[in-house]
Every structure is written in C-alpha cells, then in structure tokens.
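Colleague: Structure incoming, see below.
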Amino acid sequence: MQETKVVLPDREIPRQWYNIMADMPNLPKPPLHPGTKQPVGPQDLSAIFPMALIEQEVSTQRWIDIPEEVLNIYSLWRPSPLYRAHRLEAALGTPAKIYYKYEGVSPAGSHKPNTSIPQAFYNKQAGVKRIATETGAGQWGSSMALAGTMFGLDVTVYMVNISYKQKPYRRIAMETWGATVHPSPSPFTNYGRKILEMDPDNPGSLGMAISEAVEDAASHDDTNYALGSVLNHVILHQSVIGLESKKQFELVGDYPDVIIGCCGGGSNLGGVAFPFLQDKINGKQLRVIAVEPSSCPTLTKGEFRYDFGDTAGMTPLMMMYTLGHDFMPPGIHAGGLRYHADSQLVCQLYHDKLIEAVAYGQTAVFEAAIQFSRTEGIIPAPESAHAIKGAIDEALKAKEEGRQKTIFFNLSGHGYLDLAAYADYLAGKLEDYEYPETMIREALKKLPVV
Ligand SMILES: *Cc1c(COP(=O)(O)O)cnc(C)c1O
C-alpha cells in the first residue's frame, strides 16, 4: 500500500513560533502614524491591541514560546496532516511529487484559528472583555468567534454587507459560536453612519469593515481589535504550519523544491513558507511562490510604497505592495484574497526576490479546484484553489522538462461553505476579471505622500 499522509502525534505540536524578522536580509521600514507620519510606538497601538501582541509585532527574537493554554486548544486539530497527492500526480502524468498541508481540519475550516486562538488568549490575559473585528466572506469572523467562545470573550463582527446577504452560512456559524454579526457599513459607528447617509445600499468592502471595527475598539475601553492577516504577529502565529511541515518532510526523507501558497494578506503563505525560507536565506535552493487573483493583483501589479491598511485611513501606514487603500476589488468568489495590500514581511521578501508571485483568473482557478476535488476528494476553498492552480502549473512544467521535483503547497481551507461559488462555476456563470491598469493607476494617485 502506498503512503498518503504524514500524521504527527499531539506532542509534536511546535512549542515555539518562528519569527522571520530574526533572519530577513532587510527588515521592513517602520509603520508610520496616520496623522503625524512618524514611526508608531507601542503606546499608539495600545488603544486597540494588548501589549503581548504589540511586543510580538515588533520583536526580532527568532523563537517565541507558545503559551500552554494555546497549545491545549491547538491540539483540537493540530498537528494537521501532510498529504502526498498521488492521485493528482497520476492524473497530471507528472514526474513531480506533489505534497499539500491541509489546514481545513480546524473547526472553522481554515488556517485562521492558528492566530485567532493566541490573539484571544493574550486579550483575555490583558483583561479585555470584547473583540471587535471585520470579516469579508466570513472565514476570519468565524475563526475569531470560535476563539472568543474558547476564552470567554464577546466578539462583534463587522461583516461586508454583500457577503452578509449572500453567504448566510458563515454568519450562522459565527452566531452559533456566540458572536454578534453586523452588516458593514453599519449604523453602529460614525464611519458606517457616514457611508450609509450617502449610500444606504452600499455593498461594503473589507477596508470599510476594518475602519468600523477599529473605530469600535478605539472608542470602547473594554474592547480591542483583532486582524486575521497582514500583521507581523499574525504571520508569526501561522508559522506552526511550516514548522510541522518541516518535521513531516523529514519523516518521509524529502524536502520541497517549490513552496506555493495563495496570497490574500500573506498569512497562510508566510506561515507555510517562512520556516523553510530560513533555510533559503542560509543558502538552500528553494523557490517560494505567492499566488494571487488577477482581479486583485497586489504583488504582480501593485506599487511598493507606504499605504493605509483600511479605507478610512485610520490604521498606521505600512510599506507594502498596494493597489491603493480605496481600491474596490471586483466580487470574485475568493473573498479572502480581495485585499488591496499584503503583509509587509511578504512584501519586503518579494522586493528582495526571496519570493516570486503569479496571478490567475478565477475560471482557471476553479478548473484546478475541480480537478483536485475529482482526484484528491477534498473540495478546496476558492482561495486555496489558487495555490492548487500554481502547483498544477509547476507539475506540468516538470513534465515538459522531464524533471523530478518536489512541489509543496498549502491547502489553507476547505470549500464546504463556498458551494455557491461552485454552483456558479458548474453553471458556467463565472467570469474572469482583469483589473484595468488605468484604474489601478487612479487608485494609486490617491496614496498619501510620505
Ligand atoms: C483568509 C483566507 C486566505 C487568505 O488570507 P492569507 O492571509 O493570505 O492567508 C486564504 N485561504 C483561506 C482558506 C482563507 O480563509
């Protein structure tokens, strides 16, 4: 019988997170205060984050201990399995070996609880009573709702209005875990009220929902804010994915030539790849590929400069590849990849050519998702399907070149709450949307000058 998956026992859950900031050839430029444009200090962030997370945000320490309370909850689904995609390899007729790490085994169905759990833990420890956060399609909101219920924190989620209407199942999951969900823009913040006055049917966007959640947290003493991607401490928490994978590859005596992850804000890509990138920085041959949608082509078409993380311009300015903070991405089905910028760590490493990037249209991505479902069985999240498409392309290239190689991708989540997207694809209703260069140029013109 062939071996298909590598499973580690609970005691092999990593005890420390890996921080790439200890090993990067160039650190990202410091985040700037949105008003003064001076570097932000810990006190600027303390209105919305607990000190433990602020310390992690700026830490350059290579290893950071994972608290026991977090490990105990991680053990509900971690270590996650590493699979060898035998049946996909056979279907492609490739000489390449394809592996994937499956993060869909978490209760929320994606990698996001790897960070929502520690974020809830540190907030609880700091005496915070409530978390305000945003969600696009609902993946992050449901992960935060799950973490809130585990640690006894109230969770308020500002959910992008159009998803709130079109994707009831994620909202129901959040409510099942005890969270309160508002469609955004909402009447509960100044920013939301301002938008609703001008446009009562505004479909909302992730940037707007972030502005509302930040305002809510900043204006209530017992409330903090939590972000599901982009920030350094989020990428730090996600390093458990790559650290486990390294042990699993060791067990099968293999090592990836290429690591592929879809990239929305960069957290699952950073999580799976950074522990391996440490080896690359130390001289090992390895490629890392970020896959993004061609409708929101942050790395492949954006500019590397300071921009806000939200639409209203309330967050610190960060040095990122960006399409402009009021960029309105089209309504593609991979909601988790519709963000105007990316983690400053991913951006700096891309700038320093340690990471590559490719962009695909959603029909090609769904074709890959269907081929994966019909060979490996799991129906992937539309976001994760971008990584599958990247892996299939690499495997077909290996076939053309007649070369053995080891391809590894992160399957960041399952798609069982995204079946409406599959229904559209199967009915031939999906459209590709190439974001026009001229509109990107327009959005970039409005960026703050630093
Ligand atoms: C949110 C999400 C993503 C995108 O976020 P990253 O921070 O880029 O990882 C990718 N896949 C799934 C399943 C998600 O829920």
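Chain identifiers are assigned as A, B, and so on, following the order in which chains appear in the structure tokens; residues are numbered from 1 within each chain, and ligands are numbered from 1 in order of appearance.
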Near Ser116 in chain A, counting only C-alpha atoms, which residues have an atom at most 7 Å away, once you skip same-chain residues fewer than 4 positions from it, shown as a PyMOL selection string?
Modeller: chain A and resi 112+120+143-144+147
Colleague: Residues at most 12 Å from Lys129 in chain A, counting only C-alpha atoms, excluding those fewer than 6 positions away in the same chain, as a count of residues only?
Modeller: 20
Colleague: Report as a VMD selection string which protein, DNA and RNA residues come within 7 Å of ligand 1, using only C-alpha atoms and all ligand atoms.
Modeller: chain A and resid 110 to 112 139 to 140 228 to 230 262 to 269 336 to 337 381 383 to 384 412 to 414
Colleague: Write out as a PyMOL selection string each polymer residue whose atoms come within 9 Å of Thr322 in chain A, counting only C-alpha atoms; drop sequence neighbours fewer than 3 positions from it.
Modeller: chain A and resi 297-299+301-307+319+325+339-342+444
Colleague: Which residue out of A:Tyr416, A:Tyr433, A:Tyr425, A:Tyr158 has the minimum interatomic distance to Ala359 in chain A when only C-alpha atoms are used?
Modeller: A:Tyr433
Colleague: DSSP on the backbone, strand (DSSP E or B) only: what residues of range 13-250 of chain A does that give? Format it as a PyMOL selection string.
Modeller: chain A and resi 16-18+32+39+63-65+82-84+97-102+110+130-135+154-160+180-184+223-225
Colleague: Nearest residue to Gly271 in chain A out of A:Tyr435, A:Phe49, A:Phe409, A:Phe308, using only C-alpha atoms?
Modeller: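 Nearest candidate to Gly271 in chain A out of A:Tyr435, A:Phe49, A:Phe409, A:Phe308: A:Phe409.
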Colleague: I'd like the neighbourhood of Ala90 in chain A as a list in words, where a residue qualifies if any of its atoms comes within 12 Å (using only C-alpha atoms), though same-chain residues fewer than 3 positions away should be ignored.
Modeller: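 Using only C-alpha atoms, the neighbours found are Arg84, Ala85, His86, Arg87, Gly93, Thr94, Pro95, Ala96, Lys97, Ile98, Gln371, Phe372, Thr375, Glu376, Ile392, Ala395, Leu396 and Lys399 of chain A.
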Colleague: Those residues you just picked out, can you put them in a file as a PDB file, in the first residue's frame with C-alpha atoms?
Modeller:
```
ATOM      1  CA  ARG A  84       1.083  13.242  -0.824  1.00  0.00           C
ATOM      2  CA  ALA A  85      -1.222  13.947  -3.805  1.00  0.00           C
ATOM      3  CA  HIS A  86      -0.709  10.571  -5.539  1.00  0.00           C
ATOM      4  CA  ARG A  87      -3.961  10.708  -7.469  1.00  0.00           C
ATOM      5  CA  GLY A  93       1.129  12.386 -15.602  1.00  0.00           C
ATOM      6  CA  THR A  94       3.886  14.370 -13.961  1.00  0.00           C
ATOM      7  CA  PRO A  95       7.234  13.049 -12.718  1.00  0.00           C
ATOM      8  CA  ALA A  96       6.980  15.621  -9.898  1.00  0.00           C
ATOM      9  CA  LYS A  97       5.959  14.705  -6.369  1.00  0.00           C
ATOM     10  CA  ILE A  98       3.165  16.898  -5.026  1.00  0.00           C
ATOM     11  CA  GLN A 371      -9.512  18.568 -10.924  1.00  0.00           C
ATOM     12  CA  PHE A 372      -8.324  18.474  -7.307  1.00  0.00           C
ATOM     13  CA  THR A 375      -8.688  13.252  -7.715  1.00  0.00           C
ATOM     14  CA  GLU A 376      -7.882  14.044  -4.069  1.00  0.00           C
ATOM     15  CA  ILE A 392      -0.555  22.070 -11.103  1.00  0.00           C
ATOM     16  CA  ALA A 395       3.872  19.956 -12.038  1.00  0.00           C
ATOM     17  CA  LEU A 396       3.065  20.337 -15.748  1.00  0.00           C
ATOM     18  CA  LYS A 399       6.513  17.065 -17.035  1.00  0.00           C
TER      19      LYS A 399
END
```
Colleague: Extract, using only C-alpha atoms, all DNA, RNA and protein residues at most 10 Å from Pro203 in chain A, discarding same-chain residues fewer than 6 positions from it, and format them as a JSON list (two decimals) with N, CA and C atoms, in the first residue's frame.
Modeller:
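Contents of part-v1.json, freshly written:
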```json
[["chain", "number", "residue", "atom", "x", "y", "z"],
["A", 160, "VAL", "N", -18.77, 42.37, 5.75],
["A", 160, "VAL", "CA", -19.02, 43.09, 4.49],
["A", 160, "VAL", "C", -20.46, 42.80, 4.03],
["A", 161, "ASN", "N", -21.22, 43.88, 3.86],
["A", 161, "ASN", "CA", -22.66, 43.81, 3.61],
["A", 161, "ASN", "C", -23.06, 42.76, 2.56],
["A", 162, "ILE", "N", -22.35, 42.77, 1.43],
["A", 162, "ILE", "CA", -22.76, 41.88, 0.34],
["A", 162, "ILE", "C", -22.59, 40.40, 0.74],
["A", 163, "SER", "N", -21.53, 40.10, 1.51],
["A", 163, "SER", "CA", -21.35, 38.71, 1.97],
["A", 163, "SER", "C", -22.41, 38.36, 3.01],
["A", 164, "TYR", "N", -22.74, 39.34, 3.88],
["A", 164, "TYR", "CA", -23.75, 39.13, 4.91],
["A", 164, "TYR", "C", -25.05, 38.66, 4.26],
["A", 165, "LYS", "N", -25.35, 39.29, 3.10],
["A", 165, "LYS", "CA", -26.59, 38.94, 2.41],
["A", 165, "LYS", "C", -26.45, 37.63, 1.64],
["A", 183, "PRO", "N", -23.98, 43.73, 9.51],
["A", 183, "PRO", "CA", -23.55, 44.00, 8.13],
["A", 183, "PRO", "C", -22.82, 45.35, 8.10],
["A", 184, "SER", "N", -21.73, 45.43, 7.35],
["A", 184, "SER", "CA", -20.94, 46.68, 7.26],
["A", 184, "SER", "C", -21.02, 47.25, 5.86],
["A", 185, "PRO", "N", -21.25, 48.54, 5.67],
["A", 185, "PRO", "CA", -21.36, 49.60, 6.68],
["A", 185, "PRO", "C", -22.59, 49.45, 7.57]]
```
Colleague: Among range 43-138 of chain A, which residues does DSSP mark as helix (DSSP H, G or I) when it is run on the backbone? Keep the chain and numbering as in the structure and answer as a PyMOL selection string.
Modeller: chain A and resi 43-45+51-58+68-74+86-92+103-105+113-125
Colleague: I'd like the contact shell of Pro329 in chain A - 7 Å cut-off, only C-alpha atoms, skipping same-chain residues fewer than 3 positions apart - returned as a PyMOL selection string.
Modeller: chain A and resi 295-296+338
Colleague: Any idea what's packed within 8 Å of range 3-14 of chain A, counting only C-alpha atoms, ignoring anything in its chain fewer than 2 positions away? Could you give it as a PDB file with C-alpha atoms, in the first residue's frame?
Modeller:
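The resulting file, part_27.pdb, is shown below:
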```
ATOM      1  CA  MET A   1       0.000   0.000   0.000  1.00  0.00           C
ATOM      2  CA  GLN A  16       7.625  27.948  19.784  1.00  0.00           C
ATOM      3  CA  TRP A  17       6.635  30.152  16.855  1.00  0.00           C
ATOM      4  CA  LEU A  71      -1.185  24.593  22.771  1.00  0.00           C
ATOM      5  CA  SER A  75      -4.348  20.173  19.976  1.00  0.00           C
ATOM      6  CA  ARG A  78      -3.042  20.257  15.252  1.00  0.00           C
ATOM      7  CA  PRO A  79      -0.718  18.824  14.059  1.00  0.00           C
ATOM      8  CA  SER A  80      -2.520  18.983  10.728  1.00  0.00           C
ATOM      9  CA  PRO A  81      -1.800  16.255   8.163  1.00  0.00           C
ATOM     10  CA  LEU A  82       0.653  16.489   5.271  1.00  0.00           C
ATOM     11  CA  TYR A  83      -0.668  14.647   2.218  1.00  0.00           C
ATOM     12  CA  ARG A  84       1.083  13.242  -0.824  1.00  0.00           C
ATOM     13  CA  ALA A  85      -1.222  13.947  -3.805  1.00  0.00           C
ATOM     14  CA  HIS A  86      -0.709  10.571  -5.539  1.00  0.00           C
ATOM     15  CA  VAL A 240       3.154  26.431  13.119  1.00  0.00           C
ATOM     16  CA  LEU A 243       7.287  24.113  11.368  1.00  0.00           C
ATOM     17  CA  GLU A 244       5.098  20.997  11.418  1.00  0.00           C
ATOM     18  CA  GLN A 248       6.728  15.802   8.292  1.00  0.00           C
ATOM     19  CA  LEU A 251       9.878  11.797   8.328  1.00  0.00           C
ATOM     20  CA  VAL A 252       9.462  10.931   4.624  1.00  0.00           C
TER      21      VAL A 252
END
```
